[in-house]
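To start, the structure itself, in C-alpha cells.
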Amino acid sequence: MLWDIDQTLIDLHGSGRDWYAQVLTEVLGITMTGMPSFFGRTELAITSEVLASYGIEPADEVIRKVWAGLVAVAEAAVPTMAEVGLVLPGAEAALGALAPHEGIVQSLVTGNLREIAWHKLAAFGLHHHIDFEIGGYGSLSAVRADLVAYAVELAGARHSPYPAESVIVIGDTPHDIDAALAHGATAVGVATGRFTPEELTGAGAHVVLPDLTDTDALLAAVLR
C-alpha cells in the first residue's frame, strides 16, 4: 500500500511554496516570483524547473544545496505544522484500519524528500504505521512512475516479492494514477485535492473515493 502525502493524508495549505521562497533567498539569493505546479510532481522535477526558470543550471550540487535547505526549514516547522495545516478527514483512521491486516505493508510514494515526508507525517502523528525505509521519494526521479517501481523493489527485498496486481497506489492527482498504471498496480484516487472524482476516473483510477472517511470503502478497494 503506497500512500501519497500532500492532499491525500494532510493539507499544509501551500507551505511548500513558502519553504521554497525562504530557501531560494537563503541559499541562492533569489527572490521567488512564481512557482511551477506542485501537484503530483516529484521534488527533483520541481527543483529542476524552479532553478531553470531563474537561469540556473540544475546541477546536482545546486539541487542538493536547495534540498538541504528545504529539509532544514521543514524540520524547523514541525512544532507549528499542526497549526498551519490539518490531517485530512479519515486519514488517521484509514492508516490504523489497514495496519492489523496480515500481508499489508504501508509505505509511501510521494514527491517529497524522505526527510520531509517524515517531518510532515510525524508532526501530525501519522507516522506510526508507515515503513519509511521502503518508500519511493521525490529525490529519486523526475518521473513519478519510477518511484513506484523503486518502492516495490525495496518492499520485495525486505518482505517477499510483490506482483504488480498486489500493489495499491493511493493519491489525489492524475500523476498518482498514471504512476500506478505504469507499474500495473491498482490505482485508488482520493478527491481531496485539486482534482475532481471525474478527473481521477478519467485518468484511469480503478477506484475513486471522495475522501478517506469511509473506512469500509477503502478496505474494500484495498482488499478486493
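For the C-alpha cells, the naming scheme is as follows: chains receive sequential letters (A, B, ...) according to their order of presentation, residues are indexed from 1 within each chain, and ligands are indexed from 1 in presentation order.
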- Query: So which residues of stretch 30-178 of chain A fall under helix (DSSP H, G or I) by DSSP, listed as a ChimeraX atom specification?
  - Reply: /A:43-53,60-84,91-98,114-123,132-134,144-158,164-166,174-178
- Item | For A:Ala68: contacts at 12 Å, only C-alpha atoms, fewer than 6 positions along chain excluded, given as number ranges by chain | A: 19-20, 23-24, 26-27, 61-62, 74-75, 113-116, 139
Could you turn the residues from that selection into a file that holds N, CA and C atoms, as a PDB file, in the first residue's frame?
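And here is the file that came out, again34.pdb:
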ATOM      1  N   TRP A  19       8.316  27.489   1.838  1.00  0.00           N
ATOM      2  CA  TRP A  19       9.623  26.909   2.134  1.00  0.00           C
ATOM      3  C   TRP A  19      10.591  27.149   0.988  1.00  0.00           C
ATOM      4  N   TYR A  20      10.121  26.961  -0.237  1.00  0.00           N
ATOM      5  CA  TYR A  20      10.975  27.215  -1.399  1.00  0.00           C
ATOM      6  C   TYR A  20      11.403  28.686  -1.435  1.00  0.00           C
ATOM      7  N   VAL A  23      14.135  29.246   1.104  1.00  0.00           N
ATOM      8  CA  VAL A  23      15.397  28.572   0.775  1.00  0.00           C
ATOM      9  C   VAL A  23      16.073  29.230  -0.423  1.00  0.00           C
ATOM     10  N   LEU A  24      15.318  29.610  -1.430  1.00  0.00           N
ATOM     11  CA  LEU A  24      15.922  30.249  -2.590  1.00  0.00           C
ATOM     12  C   LEU A  24      16.609  31.558  -2.206  1.00  0.00           C
ATOM     13  N   GLU A  26      17.778  32.283   0.955  1.00  0.00           N
ATOM     14  CA  GLU A  26      18.899  31.993   1.849  1.00  0.00           C
ATOM     15  C   GLU A  26      20.062  31.307   1.139  1.00  0.00           C
ATOM     16  N   VAL A  27      19.763  30.402   0.218  1.00  0.00           N
ATOM     17  CA  VAL A  27      20.810  29.589  -0.409  1.00  0.00           C
ATOM     18  C   VAL A  27      21.350  30.226  -1.682  1.00  0.00           C
ATOM     19  N   GLU A  61      24.882  19.469  -7.582  1.00  0.00           N
ATOM     20  CA  GLU A  61      25.386  20.178  -6.399  1.00  0.00           C
ATOM     21  C   GLU A  61      24.418  21.274  -5.953  1.00  0.00           C
ATOM     22  N   VAL A  62      23.876  22.006  -6.914  1.00  0.00           N
ATOM     23  CA  VAL A  62      22.947  23.081  -6.586  1.00  0.00           C
ATOM     24  C   VAL A  62      21.640  22.507  -6.048  1.00  0.00           C
ATOM     25  N   ALA A  74      11.790  22.497   6.841  1.00  0.00           N
ATOM     26  CA  ALA A  74      10.701  21.603   7.239  1.00  0.00           C
ATOM     27  C   ALA A  74      10.874  21.127   8.675  1.00  0.00           C
ATOM     28  N   GLU A  75      12.098  20.800   9.039  1.00  0.00           N
ATOM     29  CA  GLU A  75      12.349  20.353  10.413  1.00  0.00           C
ATOM     30  C   GLU A  75      12.016  21.465  11.409  1.00  0.00           C
ATOM     31  N   LEU A 113      10.872  14.778  -0.421  1.00  0.00           N
ATOM     32  CA  LEU A 113      12.104  14.142   0.021  1.00  0.00           C
ATOM     33  C   LEU A 113      11.780  13.257   1.221  1.00  0.00           C
ATOM     34  N   ARG A 114      12.571  12.218   1.420  1.00  0.00           N
ATOM     35  CA  ARG A 114      12.285  11.289   2.511  1.00  0.00           C
ATOM     36  C   ARG A 114      12.248  11.992   3.865  1.00  0.00           C
ATOM     37  N   GLU A 115      13.214  12.856   4.129  1.00  0.00           N
ATOM     38  CA  GLU A 115      13.271  13.539   5.424  1.00  0.00           C
ATOM     39  C   GLU A 115      12.040  14.423   5.634  1.00  0.00           C
ATOM     40  N   ILE A 116      11.602  15.081   4.571  1.00  0.00           N
ATOM     41  CA  ILE A 116      10.433  15.949   4.686  1.00  0.00           C
ATOM     42  C   ILE A 116       9.168  15.124   4.864  1.00  0.00           C
ATOM     43  N   SER A 139      13.334  12.496  -4.517  1.00  0.00           N
ATOM     44  CA  SER A 139      14.730  12.700  -4.911  1.00  0.00           C
ATOM     45  C   SER A 139      15.188  11.685  -5.952  1.00  0.00           C
TER      46      SER A 139
END
- Message: Quick check for you: according to DSSP on this backbone, which residues of chain A are classed as strand (DSSP E or B)? Reply as a list in words.
- Response: Leu2, Trp3, Asp6, Ile10, Asp11, Leu86, Val87, Ser107, Leu108, Val109, Gly136, Ile168, Val169, Ile170, Gly171, Thr186, Ala187, Val188, Gly189, Val190, Val207, Val208 and Leu209 of chain A
- Message: Quick one: residues within 8 Å of stretch 124-126 of chain A, only C-alpha atoms, excluding same-chain residues fewer than 5 positions away - as an NGL selection string?
- Response: :A and (81-82 or 86-87 or 92 or 95)
Please dump the current selection as a PDB file, in the first residue's frame; keep N, CA and C atoms.
ATOM      1  N   MET A  81       3.442  22.851  12.457  1.00  0.00           N
ATOM      2  CA  MET A  81       2.737  22.331  11.283  1.00  0.00           C
ATOM      3  C   MET A  81       1.264  22.070  11.564  1.00  0.00           C
ATOM      4  N   ALA A  82       0.970  21.542  12.738  1.00  0.00           N
ATOM      5  CA  ALA A  82      -0.420  21.224  13.071  1.00  0.00           C
ATOM      6  C   ALA A  82      -1.267  22.478  13.218  1.00  0.00           C
ATOM      7  N   LEU A  86      -3.597  20.592   8.440  1.00  0.00           N
ATOM      8  CA  LEU A  86      -4.512  19.666   9.094  1.00  0.00           C
ATOM      9  C   LEU A  86      -4.409  18.277   8.495  1.00  0.00           C
ATOM     10  N   VAL A  87      -4.808  17.299   9.293  1.00  0.00           N
ATOM     11  CA  VAL A  87      -4.971  15.931   8.804  1.00  0.00           C
ATOM     12  C   VAL A  87      -6.286  15.887   8.043  1.00  0.00           C
ATOM     13  N   GLU A  92      -6.211   9.381   9.491  1.00  0.00           N
ATOM     14  CA  GLU A  92      -5.648   8.659  10.629  1.00  0.00           C
ATOM     15  C   GLU A  92      -6.349   7.321  10.817  1.00  0.00           C
ATOM     16  N   LEU A  95      -5.201   4.738   8.057  1.00  0.00           N
ATOM     17  CA  LEU A  95      -3.895   4.120   8.320  1.00  0.00           C
ATOM     18  C   LEU A  95      -4.012   3.069   9.418  1.00  0.00           C
TER      19      LEU A  95
END
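What separates atom CA of A:Ala179 from atom CA of A:Glu102 is a distance of 25.3 Å.
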- Query: Which distance in Å separates atom CA of A:Ile168 and atom CA of A:Leu98, to one decimal?
  - Reply: 12.3 Å
